[in-house]
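Have a look at data_24.pdb below; it lists PDB, C-alpha atoms, pLDDT in the B column.
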MODEL        1
ATOM      1  CA  MET M   1     265.769  11.955 129.198  1.00 76.00           C
ATOM      2  CA  THR M   2     262.622  13.075 127.411  1.00 85.00           C
ATOM      3  CA  ILE M   3     261.425  16.616 126.866  1.00 86.00           C
ATOM      4  CA  ASP M   4     258.274  18.045 125.373  1.00 88.00           C
ATOM      5  CA  VAL M   5     258.246  19.329 121.792  1.00 87.00           C
ATOM      6  CA  ALA M   6     257.983  23.005 122.813  1.00 88.00           C
ATOM      7  CA  THR M   7     261.095  22.775 125.000  1.00 91.00           C
ATOM      8  CA  GLY M   8     262.940  21.008 122.197  1.00 90.00           C
ATOM      9  CA  ILE M   9     262.041  23.783 119.764  1.00 89.00           C
ATOM     10  CA  ALA M  10     263.121  26.468 122.250  1.00 91.00           C
ATOM     11  CA  ARG M  11     266.455  24.756 122.914  1.00 92.00           C
ATOM     12  CA  ILE M  12     267.185  24.352 119.219  1.00 91.00           C
ATOM     13  CA  LEU M  13     266.416  28.026 118.567  1.00 90.00           C
ATOM     14  CA  ASN M  14     268.664  28.997 121.479  1.00 90.00           C
ATOM     15  CA  GLN M  15     271.510  26.790 120.191  1.00 90.00           C
ATOM     16  CA  GLU M  16     271.118  28.229 116.693  1.00 88.00           C
ATOM     17  CA  GLY M  17     271.661  31.721 118.081  1.00 89.00           C
ATOM     18  CA  VAL M  18     268.159  33.099 117.539  1.00 91.00           C
ATOM     19  CA  GLY M  19     268.233  36.382 119.452  1.00 91.00           C
ATOM     20  CA  TRP M  20     264.465  36.888 119.784  1.00 93.00           C
ATOM     21  CA  VAL M  21     261.123  35.559 118.560  1.00 93.00           C
ATOM     22  CA  SER M  22     258.140  37.618 117.417  1.00 91.00           C
ATOM     23  CA  THR M  23     254.953  36.110 118.754  1.00 88.00           C
ATOM     24  CA  PHE M  24     251.225  36.313 119.057  1.00 83.00           C
ATOM     25  CA  PRO M  25     250.181  35.193 122.551  1.00 76.00           C
ATOM     26  CA  VAL M  26     248.574  31.841 123.297  1.00 71.00           C
ATOM     27  CA  CYS M  27     251.162  29.456 121.943  1.00 76.00           C
ATOM     28  CA  ARG M  28     252.639  26.512 123.855  1.00 79.00           C
ATOM     29  CA  VAL M  29     256.126  27.277 122.619  1.00 87.00           C
ATOM     30  CA  ASN M  30     256.107  30.696 124.328  1.00 89.00           C
ATOM     31  CA  ASN M  31     256.318  29.194 127.828  1.00 90.00           C
ATOM     32  CA  ALA M  32     259.286  27.076 126.757  1.00 91.00           C
ATOM     33  CA  LEU M  33     260.959  30.092 125.137  1.00 92.00           C
ATOM     34  CA  GLY M  34     260.621  31.970 128.413  1.00 91.00           C
ATOM     35  CA  ARG M  35     262.123  29.068 130.391  1.00 91.00           C
ATOM     36  CA  GLU M  36     265.048  28.913 127.961  1.00 91.00           C
ATOM     37  CA  GLY M  37     265.644  32.685 128.172  1.00 92.00           C
ATOM     38  CA  VAL M  38     264.742  33.568 124.574  1.00 91.00           C
ATOM     39  CA  PRO M  39     263.285  37.127 124.443  1.00 93.00           C
ATOM     40  CA  MET M  40     259.864  37.519 122.809  1.00 92.00           C
ATOM     41  CA  LEU M  41     258.415  40.498 120.953  1.00 91.00           C
ATOM     42  CA  MET M  42     254.632  40.309 121.477  1.00 91.00           C
ATOM     43  CA  MET M  43     252.317  41.375 118.638  1.00 88.00           C
ATOM     44  CA  ARG M  44     248.597  42.125 118.629  1.00 86.00           C
ATOM     45  CA  ASP M  45     247.956  39.943 115.576  1.00 82.00           C
ATOM     46  CA  ASP M  46     249.545  36.765 114.256  1.00 80.00           C
ATOM     47  CA  ARG M  47     249.948  38.279 110.778  1.00 82.00           C
ATOM     48  CA  TYR M  48     252.129  41.029 112.259  1.00 86.00           C
ATOM     49  CA  ALA M  49     254.286  38.459 114.059  1.00 86.00           C
ATOM     50  CA  VAL M  50     254.912  36.717 110.732  1.00 85.00           C
ATOM     51  CA  ALA M  51     255.579  40.037 108.963  1.00 88.00           C
ATOM     52  CA  VAL M  52     258.126  41.164 111.592  1.00 90.00           C
ATOM     53  CA  ALA M  53     260.022  37.868 111.410  1.00 89.00           C
ATOM     54  CA  ASP M  54     259.977  38.009 107.603  1.00 87.00           C
ATOM     55  CA  ALA M  55     261.160  41.635 107.545  1.00 90.00           C
ATOM     56  CA  PHE M  56     264.008  40.838 109.944  1.00 91.00           C
ATOM     57  CA  SER M  57     265.212  38.040 107.661  1.00 88.00           C
ATOM     58  CA  ARG M  58     264.998  40.320 104.651  1.00 89.00           C
ATOM     59  CA  ILE M  59     266.795  43.343 106.119  1.00 93.00           C
ATOM     60  CA  THR M  60     269.641  41.131 107.350  1.00 90.00           C
ATOM     61  CA  ALA M  61     269.835  39.566 103.863  1.00 88.00           C
ATOM     62  CA  GLY M  62     269.233  36.145 105.392  1.00 82.00           C
ATOM     63  CA  SER M  63     272.327  36.263 107.604  1.00 88.00           C
ATOM     64  CA  LYS M  64     269.919  36.067 110.561  1.00 88.00           C
ATOM     65  CA  ILE M  65     266.651  34.199 110.458  1.00 86.00           C
ATOM     66  CA  GLY M  66     263.434  35.747 111.780  1.00 89.00           C
ATOM     67  CA  VAL M  67     261.337  33.375 113.870  1.00 90.00           C
ATOM     68  CA  CYS M  68     257.739  33.728 115.035  1.00 88.00           C
ATOM     69  CA  THR M  69     255.234  31.716 117.030  1.00 85.00           C
ATOM     70  CA  PHE M  70     251.452  32.015 116.916  1.00 78.00           C
ATOM     71  CA  GLN M  71     248.322  30.188 117.954  1.00 73.00           C
ATOM     72  CA  GLY M  72     246.877  27.307 116.028  1.00 66.00           C
ATOM     73  CA  GLY M  73     243.448  25.779 115.934  1.00 61.00           C
ATOM     74  CA  VAL M  74     239.979  27.178 115.377  1.00 54.00           C
ATOM     75  CA  ASN M  75     240.701  30.890 115.863  1.00 55.00           C
ATOM     76  CA  ALA M  76     244.010  30.970 114.004  1.00 58.00           C
ATOM     77  CA  GLU M  77     244.334  33.401 111.125  1.00 60.00           C
ATOM     78  CA  ALA M  78     245.272  31.764 107.835  1.00 56.00           C
ATOM     79  CA  PRO M  79     248.936  32.438 107.020  1.00 56.00           C
ATOM     80  CA  PRO M  80     249.614  34.484 103.906  1.00 56.00           C
ATOM     81  CA  ASN M  81     250.251  32.548 100.697  1.00 54.00           C
ATOM     82  CA  TRP M  82     253.932  33.653 100.588  1.00 51.00           C
ATOM     83  CA  TRP M  83     254.728  31.988 103.907  1.00 53.00           C
ATOM     84  CA  THR M  84     254.791  28.319 104.909  1.00 50.00           C
ATOM     85  CA  PRO M  85     255.154  27.068 108.493  1.00 53.00           C
ATOM     86  CA  LEU M  86     257.974  24.601 108.984  1.00 53.00           C
ATOM     87  CA  LEU M  87     256.773  23.075 112.232  1.00 52.00           C
ATOM     88  CA  SER M  88     253.573  23.075 114.228  1.00 48.00           C
ATOM     89  CA  SER M  89     253.641  22.044 117.867  1.00 47.00           C
ATOM     90  CA  GLU M  90     249.886  22.283 118.333  1.00 49.00           C
ATOM     91  CA  GLY M  91     248.393  19.388 120.223  1.00 47.00           C
ATOM     92  CA  SER M  92     249.643  16.979 122.822  1.00 42.00           C
ATOM     93  CA  GLY M  93     253.324  17.851 122.537  1.00 43.00           C
ATOM     94  CA  LYS M  94     254.273  14.334 121.475  1.00 42.00           C
ATOM     95  CA  VAL M  95     256.099  13.717 118.225  1.00 41.00           C
ATOM     96  CA  SER M  96     254.208  11.276 116.004  1.00 41.00           C
ATOM     97  CA  ASN M  97     252.096  11.294 112.861  1.00 40.00           C
ATOM     98  CA  GLY M  98     248.616  11.414 114.401  1.00 40.00           C
ATOM     99  CA  PRO M  99     246.309  14.364 115.065  1.00 41.00           C
ATOM    100  CA  GLY M 100     247.238  16.574 117.994  1.00 40.00           C
ATOM    101  CA  THR M 101     250.950  15.988 117.520  1.00 37.00           C
ATOM    102  CA  ALA M 102     253.926  17.817 116.047  1.00 40.00           C
ATOM    103  CA  SER M 103     253.818  17.889 112.265  1.00 37.00           C
ATOM    104  CA  ILE M 104     256.357  19.026 109.706  1.00 36.00           C
ATOM    105  CA  TYR M 105     255.023  21.008 106.730  1.00 34.00           C
ATOM    106  CA  ARG M 106     256.712  21.103 103.335  1.00 31.00           C
TER     107      ARG M 106
ENDMDL
END
Target encoding structure tokens, full file:
Amino acid sequence: MTIDVATGIARILNQEGVGWVSTFPVCRVNNALGREGVPMLMMRDDRYAVAVADAFSRITAGSKIGVCTFQGGVNAEAPPNWWTPLLSSEGSGKVSNGPGTASIYR
């Protein structure tokens, strides 16, 4: 059985016990999160989505991890220098090393 990257991300978050995801609309993962029953807290700006997820992690002293999704591409706001994305699912939804595919950042 094969699944798209967004559904895989949503299922992993669900299995890890993530209770909700802060988000800025227009992200492929959001549809998968909805299908998997993960609640989303919509923000008006991607920077706020990142800040809410970060604050949640900090006020729970890391016992719970804040997660956010946001748009990528041309109109995406640059993330702040204190934050690094772990995974981007922008593109075709296929896992490989080429453009338009899932990429892991370090």
Fill in: Within 9 Å of Asn31 of chain M using all atoms listed in the file, minus same-chain residues under 5 positions, as a ChimeraX atom specification
/M:6-7,36
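Residues selected in this file by the PyMOL selection byres ((chain M and resi 65) around 10) comprise Glu16, Gly17, Val18, Gly19, Trp20, Val21, Ala53, Asp54, Ala55, Phe56, Ser57, Arg58, Thr60, Ala61, Gly62, Ser63, Lys64, Gly66 and Val67 of chain M.
When only C-alpha atoms are used to measure the gap to Val26 of chain M, the shortest distance among M:Met43, M:Ile3, M:Val38, M:Ile12 belongs to M:Met43.
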Practice prompt. Quick one: everything within 9 Å of Ile9 of chain M, counting only C-alpha atoms, minus sequence neighbours fewer than 4 positions away in the same chain. Send it as a list in words.
Written response: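 So, after excluding close chain neighbours, the residues are Asp4, Val5, Leu13, Asn14, Val29, Ala32, Leu33 and Ser89 of chain M.
Rounded to one decimal, atom CA of Arg35 of chain M and atom CA of Ala49 of chain M lie 20.4 Å from each other.
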Item to complete: For the structure provided, state which residues fall under the PyMOL selection byres ((chain M and resi 42) around 9), and present them as a list of chain:residue names.
Response: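 On the file shown, the PyMOL selection byres ((chain M and resi 42) around 9) covers M:Val21, M:Ser22, M:Thr23, M:Phe24, M:Pro25, M:Met40, M:Leu41, M:Met43, M:Arg44, M:Asp45, M:Ala49.
As for atom CA of Gly8 of chain M and atom CA of Arg28 of chain M, they are spaced 11.8 Å apart.
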Would you place a box with edges along x, y and z of the file around all atoms of segment 51-68 of chain M listed there, add 8 Å to each of its six sides, and report the centre and edge lengths in Å to one decimal, as AutoDock Vina command-line options?
--center_x 264.0 --center_y 38.4 --center_z 109.4 --size_x 32.7 --size_y 26.0 --size_z 27.2
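Atom pair atom CA of Ala51 of chain M / atom CA of Arg11 of chain M: separated by 23.4 Å.
In terms of minimum interatomic distance to Thr69 of chain M, M:Cys27 ranks closest within M:Cys27, M:Gly34, M:Val52, M:Arg47, counting all atoms listed in the file.
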